[in-house]
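Undergrad: Below is start_21.txt; it holds compact mmCIF, C-alpha atoms.
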```
# COMPACT_ATOMS: atom_id res chain seq x y z
CA GLU M 16 -39.12 -12.02 45.50
CA PRO M 17 -37.18 -11.14 42.36
CA LEU M 18 -33.70 -9.73 42.78
CA SER M 19 -33.32 -5.98 42.68
CA LEU M 20 -31.34 -4.41 39.85
CA SER M 21 -28.30 -3.96 42.10
CA GLU M 22 -28.38 -7.65 43.09
CA ARG M 23 -28.55 -9.08 39.59
CA PRO M 24 -25.24 -10.37 38.18
CA GLN M 25 -23.84 -8.28 35.34
CA ASN M 26 -21.22 -8.97 32.72
CA ARG M 27 -18.63 -6.21 32.83
CA CYS M 28 -15.48 -5.85 30.77
CA VAL M 29 -12.12 -5.06 32.34
CA GLN M 30 -10.50 -1.77 31.41
CA LEU M 31 -7.04 -2.50 30.08
CA ASP M 32 -4.20 -0.28 31.24
CA ALA M 33 -3.36 2.47 28.76
CA GLY M 34 0.07 2.19 27.18
CA THR M 35 0.43 -1.47 28.19
CA GLU M 36 0.50 -4.69 26.17
CA LEU M 37 -0.75 -7.91 27.75
CA TRP M 38 0.66 -11.13 26.32
CA LEU M 39 -1.24 -14.32 27.11
CA ARG M 40 0.64 -17.37 25.82
CA GLN M 41 -0.33 -21.03 25.57
CA HIS M 42 2.31 -23.66 24.85
CA ALA M 43 2.79 -27.28 25.85
CA ASP M 44 5.95 -26.36 27.77
CA ILE M 45 4.17 -23.95 30.12
CA CYS M 46 0.60 -25.25 30.34
CA PRO M 47 -0.65 -27.18 33.42
CA PRO M 48 -0.15 -30.98 33.39
CA LEU M 49 -3.85 -31.74 32.93
CA GLN M 50 -4.10 -29.38 29.97
CA ARG M 51 -0.92 -30.83 28.47
CA GLU M 52 -2.31 -34.34 28.87
CA HIS M 53 -5.45 -33.50 26.90
CA SER M 54 -3.86 -31.25 24.27
CA ASN M 55 -3.84 -32.24 20.61
CA GLU M 56 -0.24 -33.02 19.73
CA ASP M 57 -1.15 -33.43 16.06
CA ASP M 58 -2.42 -29.86 15.71
CA VAL M 59 0.06 -28.01 13.50
CA ASN M 60 -1.54 -24.57 13.77
CA SER M 61 -0.42 -21.62 15.83
CA ALA M 62 -2.73 -18.65 16.18
CA VAL M 63 -2.85 -15.12 17.54
CA GLU M 64 -5.61 -12.66 18.30
CA LEU M 65 -4.37 -9.10 18.62
CA TYR M 66 -7.05 -7.02 20.32
CA LEU M 67 -6.96 -3.24 20.66
CA GLN M 68 -9.54 -1.94 23.11
CA ALA M 69 -11.09 1.38 22.12
CA GLY M 70 -13.70 2.18 24.76
CA LYS M 71 -17.35 2.19 25.72
CA ASP M 72 -19.87 1.38 23.03
CA GLY M 73 -21.41 4.59 21.78
CA ARG M 74 -21.72 6.95 18.87
CA PRO M 75 -19.61 7.89 17.04
CA LEU M 76 -16.83 5.69 18.53
CA THR M 77 -18.36 2.34 17.56
CA MET M 78 -19.10 3.61 14.05
CA LEU M 79 -15.51 4.82 13.67
CA VAL M 80 -14.08 1.45 14.74
CA GLU M 81 -16.45 -0.38 12.39
CA LEU M 82 -15.44 1.88 9.52
CA ILE M 83 -11.75 1.35 10.28
CA ALA M 84 -12.28 -2.42 10.21
CA GLN M 85 -14.15 -2.05 6.92
CA ILE M 86 -11.25 -0.13 5.38
CA VAL M 87 -8.42 -2.21 6.84
CA SER M 88 -9.75 -5.75 6.41
CA LYS M 89 -9.08 -6.13 2.69
CA SER M 90 -5.58 -4.68 2.97
CA ALA M 91 -4.84 -7.00 5.90
CA GLU M 92 -5.85 -10.04 3.89
CA GLN M 93 -3.84 -8.87 0.90
CA GLN M 94 -0.68 -8.22 2.92
CA LEU M 95 -0.74 -10.93 5.58
CA ARG M 96 -2.40 -13.79 3.72
CA THR M 97 -1.65 -13.25 0.02
CA GLU M 98 1.76 -11.57 0.03
CA GLU M 99 3.35 -12.87 3.23
CA GLN M 100 1.42 -16.18 3.11
CA LEU M 101 1.22 -16.42 6.88
CA GLY M 102 -1.94 -18.49 6.83
CA TYR M 103 -5.30 -18.95 5.21
CA ILE M 104 -7.24 -17.46 8.11
CA VAL M 105 -6.66 -13.70 8.35
CA TRP M 106 -9.49 -11.73 9.90
CA CYS M 107 -9.81 -8.07 10.91
CA THR M 108 -13.07 -6.93 12.47
CA LEU M 109 -14.82 -5.05 15.25
CA ARG M 110 -15.05 -6.84 18.59
CA HIS M 111 -17.87 -6.09 21.02
CA ASP M 112 -17.58 -7.31 24.62
CA ALA M 113 -20.13 -6.40 27.29
CA GLY M 114 -20.62 -2.86 26.05
CA VAL M 115 -16.97 -2.25 25.11
CA VAL M 116 -15.69 -2.10 21.53
CA GLY M 117 -12.30 -2.63 19.97
CA LEU M 118 -10.46 -3.79 16.88
CA ARG M 119 -9.09 -7.30 16.53
CA VAL M 120 -6.88 -9.11 14.03
CA ILE M 121 -6.75 -12.92 13.97
CA ILE M 122 -4.25 -15.11 12.12
CA GLN M 123 -3.93 -18.90 12.12
CA SER M 124 -0.74 -20.35 10.66
CA SER M 125 0.96 -23.72 10.39
CA SER M 126 4.26 -22.24 9.19
CA ARG M 127 4.90 -19.48 11.75
CA ASP M 128 4.66 -19.26 15.53
CA ALA M 129 2.24 -16.95 17.31
CA GLN M 130 4.81 -14.37 18.39
CA TYR M 131 6.01 -13.93 14.82
CA LEU M 132 2.38 -13.48 13.73
CA ASP M 133 1.95 -10.75 16.34
CA GLU M 134 5.03 -8.97 15.03
CA ARG M 135 3.79 -9.09 11.45
CA ILE M 136 0.38 -7.74 12.45
CA GLU M 137 2.07 -4.85 14.23
CA ALA M 138 4.19 -4.18 11.14
CA PHE M 139 1.04 -4.06 9.02
CA LEU M 140 -0.76 -1.78 11.48
CA GLU M 141 2.08 0.72 11.13
CA THR M 142 0.95 1.25 7.52
CA VAL M 143 -2.70 1.97 8.33
CA PRO M 144 -2.38 5.77 8.87
CA SER M 145 -0.93 6.23 5.38
CA LEU M 146 -3.60 3.88 4.03
CA ILE M 147 -6.32 6.11 5.47
CA GLU M 148 -4.64 9.36 4.42
CA GLU M 149 -4.03 8.23 0.84
CA LEU M 150 -7.54 6.87 0.37
CA ALA M 151 -9.29 8.73 -2.44
CA PRO M 152 -12.44 10.60 -1.34
CA ASP M 153 -14.60 8.49 -3.64
CA ASP M 154 -13.11 5.27 -2.25
CA PHE M 155 -13.68 6.46 1.31
CA ALA M 156 -17.29 7.28 0.43
CA ASP M 157 -17.70 3.79 -1.04
CA TYR M 158 -16.43 2.13 2.16
CA ARG M 159 -18.73 4.30 4.24
CA GLN M 160 -21.76 3.68 2.04
CA ALA M 161 -21.14 -0.07 2.04
CA LEU M 162 -21.31 -0.03 5.83
CA VAL M 163 -24.45 2.12 5.76
CA ASP M 164 -26.10 -0.32 3.34
CA MET M 165 -25.14 -3.18 5.62
CA LYS M 166 -26.76 -1.43 8.58
CA LEU M 167 -30.00 -0.75 6.70
CA GLU M 168 -30.27 -4.16 5.06
CA LYS M 169 -33.59 -5.75 5.84
CA ASP M 170 -33.71 -8.98 7.81
CA LYS M 171 -34.11 -12.00 5.56
CA ARG M 172 -35.24 -14.41 8.25
CA LEU M 173 -37.33 -14.16 11.37
CA ARG M 174 -34.42 -15.38 13.50
CA GLU M 175 -32.28 -12.47 12.27
CA GLU M 176 -34.91 -9.98 13.36
CA THR M 177 -35.36 -11.78 16.68
CA ALA M 178 -31.61 -11.77 17.35
CA ARG M 179 -31.42 -8.07 16.54
CA TRP M 180 -34.13 -7.21 19.08
CA TRP M 181 -32.78 -9.52 21.76
CA GLN M 182 -29.23 -8.20 21.59
CA GLU M 183 -30.59 -4.81 22.61
CA ILE M 184 -32.22 -6.40 25.65
CA VAL M 185 -29.65 -8.93 26.86
CA PRO M 186 -26.02 -8.34 25.78
CA HIS M 187 -26.19 -4.62 24.93
CA ALA M 188 -28.89 -3.73 27.48
CA THR M 189 -29.33 -0.40 25.69
CA ARG M 190 -32.92 -0.85 24.47
CA ASP M 191 -31.74 1.04 21.39
CA PHE M 192 -34.20 -0.60 19.03
CA GLU M 193 -33.49 1.97 16.32
CA ARG M 194 -29.76 1.23 16.48
CA SER M 195 -29.36 0.42 12.78
CA ALA M 196 -31.02 3.62 11.59
CA ARG M 197 -29.18 5.78 14.12
CA ASP M 198 -25.84 4.14 13.32
CA ALA M 199 -26.37 4.68 9.61
CA ASP M 200 -27.25 8.33 10.20
CA VAL M 201 -24.01 8.87 12.15
CA LEU M 202 -21.95 6.97 9.59
CA THR M 203 -23.02 9.23 6.74
CA LYS M 204 -21.46 12.20 8.57
CA LEU M 205 -18.05 10.64 9.36
CA THR M 206 -15.00 12.06 7.61
CA GLN M 207 -11.51 10.81 6.84
CA PRO M 208 -9.88 13.14 9.40
CA GLN M 209 -12.18 11.72 12.09
CA VAL M 210 -11.22 8.16 11.16
CA LEU M 211 -7.52 9.02 11.19
CA GLU M 212 -7.84 10.78 14.56
CA CYS M 213 -9.60 7.73 16.01
CA TRP M 214 -6.78 5.50 14.79
CA GLN M 215 -4.04 7.74 16.17
CA THR M 216 -5.80 8.00 19.53
CA HIS M 217 -6.75 4.38 20.18
CA PHE M 218 -4.76 2.10 17.88
CA ALA M 219 -1.46 3.73 16.88
CA ARG M 220 1.51 1.99 18.48
CA GLU M 221 3.00 5.23 19.76
CA SER M 222 -0.28 6.36 21.37
CA LYS M 223 -0.18 6.61 25.16
CA THR M 224 -3.84 5.58 25.33
CA ARG M 225 -3.41 2.35 23.36
CA ARG M 226 -4.71 -0.78 25.12
CA LYS M 227 -3.64 -4.15 23.72
CA ILE M 228 -4.00 -7.87 24.42
CA SER M 229 -2.08 -10.41 22.38
CA SER M 230 -3.51 -13.90 22.90
CA GLN M 231 -0.97 -16.36 21.48
CA THR M 232 -1.43 -20.11 21.03
CA PHE M 233 1.60 -22.12 19.91
CA ALA M 234 1.52 -25.41 18.02
CA PRO M 235 3.54 -28.22 19.65
CA HIS M 236 6.18 -28.12 16.89
CA HIS M 237 6.74 -24.37 17.34
CA ALA M 238 9.31 -23.52 20.01
CA LEU M 239 8.32 -21.06 22.70
CA PRO M 240 10.30 -17.83 22.14
CA PRO M 241 12.11 -16.19 25.06
CA PRO M 242 10.07 -13.67 27.08
CA PRO M 243 9.98 -10.16 25.60
CA SER M 244 12.12 -7.58 27.36
CA ALA M 245 10.14 -4.43 26.49
CA PRO M 246 9.06 -2.66 29.71
CA HIS M 247 5.54 -1.94 28.46
CA ILE M 248 4.79 -5.65 27.85
CA VAL M 249 3.19 -7.62 30.68
CA LEU M 250 3.73 -11.36 30.16
CA LEU M 251 1.08 -13.59 31.72
CA ASP M 252 1.74 -17.24 30.95
CA ALA M 253 0.26 -18.89 34.05
CA LEU M 254 -3.50 -18.93 34.56
CA GLU M 255 -3.06 -17.81 38.18
CA ASP M 256 -1.12 -14.75 37.02
CA GLN M 257 -3.80 -13.92 34.47
CA LEU M 258 -6.58 -14.10 37.06
CA ALA M 259 -4.62 -12.04 39.58
CA TYR M 260 -3.86 -9.35 37.02
CA LYS M 261 -7.48 -9.32 35.89
CA ARG M 262 -8.63 -8.68 39.45
CA SER M 263 -6.31 -5.68 39.65
CA LEU M 264 -7.91 -3.92 36.68
CA ALA M 265 -10.76 -1.45 36.77
CA LEU M 266 -14.07 -2.32 35.13
CA TRP M 267 -15.96 -0.52 32.43
CA PRO M 268 -19.56 0.40 33.29
CA ALA M 269 -22.12 -2.34 32.83
CA PRO M 270 -23.62 -2.68 29.34
CA GLY M 271 -26.29 -0.07 28.81
CA ALA M 272 -25.27 2.04 31.81
CA GLY M 273 -25.69 5.68 30.93
CA TRP M 274 -26.92 4.88 27.44
CA PRO M 275 -29.63 7.45 26.62
CA ARG M 276 -32.85 6.32 25.04
CA THR M 277 -32.73 9.56 23.07
CA SER M 278 -29.91 12.04 22.75
CA PRO M 279 -30.26 15.79 22.20
CA THR M 280 -27.36 15.65 19.74
CA GLU M 281 -28.70 12.90 17.50
CA SER M 282 -31.98 12.05 15.92
CA LEU M 283 -33.36 9.53 13.54
CA PRO M 284 -33.19 10.35 9.84
CA ASP M 285 -36.23 12.20 8.61
CA ARG M 286 -38.88 9.82 7.45
CA ALA M 287 -42.02 10.57 5.54
CA PRO M 288 -45.12 9.90 7.65
CA ALA M 289 -46.78 6.64 6.81
CA ALA M 290 -49.86 7.00 4.66
CA PRO M 291 -53.10 5.97 6.38
CA PRO M 292 -54.45 2.62 5.20
CA PRO M 293 -57.28 2.80 2.68
CA PRO M 294 -60.75 2.25 4.13
CA ALA M 295 -61.99 -1.30 3.96
CA PRO M 296 -64.75 -1.83 1.40
CA ALA M 297 -68.20 -2.01 2.95
CA ALA M 298 -69.82 -5.40 2.96
CA ALA M 299 -72.94 -5.87 0.88
CA GLY M 300 -76.00 -4.72 2.78
CA ALA M 301 -73.97 -3.12 5.60
CA LEU M 302 -75.24 0.06 7.20
CA PRO M 303 -73.13 3.21 6.75
CA ALA M 304 -70.83 4.14 9.62
CA PRO M 305 -72.23 6.73 12.06
CA PRO M 306 -70.79 10.25 11.77
CA THR M 307 -67.80 11.09 13.96
CA CYS M 308 -68.64 13.23 16.98
CA GLY M 309 -67.25 16.73 16.74
CA PRO M 310 -65.74 18.62 19.70
CA ALA M 311 -69.05 20.26 20.66
CA LEU M 312 -70.97 17.00 20.63
CA ALA M 313 -68.20 15.10 22.41
CA SER M 314 -68.14 17.62 25.27
CA SER M 315 -71.86 17.74 25.80
```
Output the file's structure as structure tokens, nothing else.

TA:
Amino acid sequence: EPLSLSERPQNRCVQLDAGTELWLRQHADICPPLQREHSNEDDVNSAVELYLQAGKDGRPLTMLVELIAQIVSKSAEQQLRTEEQLGYIVWCTLRHDAGVVGLRVIIQSSSRDAQYLDERIEAFLETVPSLIEELAPDDFADYRQALVDMKLEKDKRLREETARWWQEIVPHATRDFERSARDADVLTKLTQPQVLECWQTHFARESKTRRKISSQTFAPHHALPPPPSAPHIVLLDALEDQLAYKRSLALWPAPGAGWPRTSPTESLPDRAPAAPPPPAPAAAGALPAPPTCGPALASS
């Protein structure tokens, strides 16, 4: 017999502790012997992924995080890659994990170690509130419309359409097959104060509800810095410590849990009813179609 819904394995995302930073570091000096034996000593790149967890996938939260990433990404590249020249790879985008969304910034660098990269990302993130506040209304509307256009862009290949349907069945488990249209409808109503409030609530460094993971990988030629002394930073270098800490955390609901098929507070954008197809031309010599039965005839 097939497994019941409660018996089927589910991917669930851990809920990071609010107000805490998790640092996961990888370096040849602290990695297990087997990993050290098979590491690439010629790799000159260090890298960091700074991830800020926002919350459960839903509207308008996911749209707000996407819009923030849309606004911040160009400034991040300009500051961290062009001006500070930390590395060629600088990436700021939405991250979606098992029904949970967040903002992530990735940098790969051969000249700086991962901890320094984390510090420079944090310094840049301090400037984001003023970036949002000083954004001209027309520029904000352009960012928002660009994201709306991206949502409503038609699939160019069959595999794109297939992937879009399947992600609603398997990873998202929301069966929200009108996601793009609904997302675009919500996006058109978002305002700058809403975006700023979302940032201050979930991503600002001084926020008590901020949830952060800094995943740091050090190149062999970069020395491992001393452990940070800040009380809100939890340092997890050993894999055993990481697994133990992970088991101590609460879990977000499974993907799709509680996601309504329809919501009383949202609806699809108004669409004109599709015009009926024109009648097919009658073949030569074909008999005319019989008249449609009216209510009286149908009930007799």

Undergrad: Near region 157-160 of chain M, within 10 Å and counting all atoms listed in the file, which residues show up once chain neighbours fewer than 4 positions away are dropped, as a list in words?

TA: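 That gives Met78, Leu79, Glu81, Leu82, Ile83, Gln85, Ile86, Ala151, Pro152, Asp153, Asp164, Met165, Lys166, Ala199, Leu202, Thr203, Lys204, Leu205 and Thr206 of chain M.
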
Undergrad: Measure the distance from CA of Ala245 (chain M) to CA of Trp38 (chain M) in Å and round it to one decimal.

TA: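 If I compute the distance from CA of Ala245 (chain M) to CA of Trp38 (chain M), I get 11.6 Å.
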
Undergrad: Would you mind listing what lies within 12 Å of region 138-144 of chain M as an MDAnalysis selection string, with only C-alpha atoms counted and same-chain residues fewer than 5 positions away left out?

TA: chainID M and resid 65 67 83:84 86:96 98:99 107 118:120 131:133 149:150 207:216 218:222

Undergrad: Please determine, counting all atoms listed in the file, which residue among M:Trp267, M:Trp180, M:Phe233, M:Tyr260 has the shortest atom-to-atom distance to Ser61 (chain M).

TA: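 Going through M:Trp267, M:Trp180, M:Phe233, M:Tyr260 one by one, the smallest distance to Ser61 (chain M) is for M:Phe233.
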
Undergrad: Is there a way to get, as a ChimeraX atom specification, all residues within 9 Å of the point (9.0, -19.7, 23.6) in file coordinates, counting all atoms listed in the file?

TA: /M:40,42,44,130,233,237-242

Undergrad: Take every atom of region 255-270 of chain M listed in the file, fit an axis-aligned box around them, add 6 Å per side, and give the centre and edge lengths in Å to one decimal as lines of an AutoDock Vina configuration file.

TA:
```
center_x = -12.4
center_y = -8.7
center_z = 34.5
size_x = 34.5
size_y = 30.2
size_z = 22.3
```

Undergrad: Rounded to one decimal place, report the CA of Leu167 (chain M)-CA of Ser195 (chain M) distance in Å.

TA: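 CA of Ser195 (chain M) lies at a distance of 6.2 Å from CA of Leu167 (chain M).
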
Undergrad: Of the candidates M:Pro235, M:Leu264, M:Leu251, M:Trp106, which one gets nearest to Ala43 (chain M) if we count only C-alpha atoms?

TA: M:Pro235

Undergrad: What's the 9 Å shell around Val201 (chain M), counting only C-alpha atoms, without same-chain residues fewer than 5 positions away, as a PyMOL selection string?

TA: chain M and resi 74-75+78+196+281

Undergrad: Grab the CA of Arg172 (chain M) to CA of Arg194 (chain M) distance for me, in Å with one decimal place.

TA: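 Interatomic distance, CA of Arg172 (chain M) to CA of Arg194 (chain M): 18.5 Å.
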
Undergrad: For each of M:Leu109, M:Ile147, M:Ala269, M:Ser124, take the minimum atom-to-atom distance to Lys71 (chain M), counting all atoms listed in the file, then give the residue where this is smallest.

TA: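 Between M:Leu109, M:Ile147, M:Ala269, M:Ser124, the residue approaching Lys71 (chain M) most closely is M:Ala269.
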
Undergrad: Between M:Ala265, M:Ile248, M:Leu258, M:Ser125, which is the closest to Asp58 (chain M) once you count only C-alpha atoms?

TA: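 Distance minimum relative to Asp58 (chain M) lands on M:Ser125.
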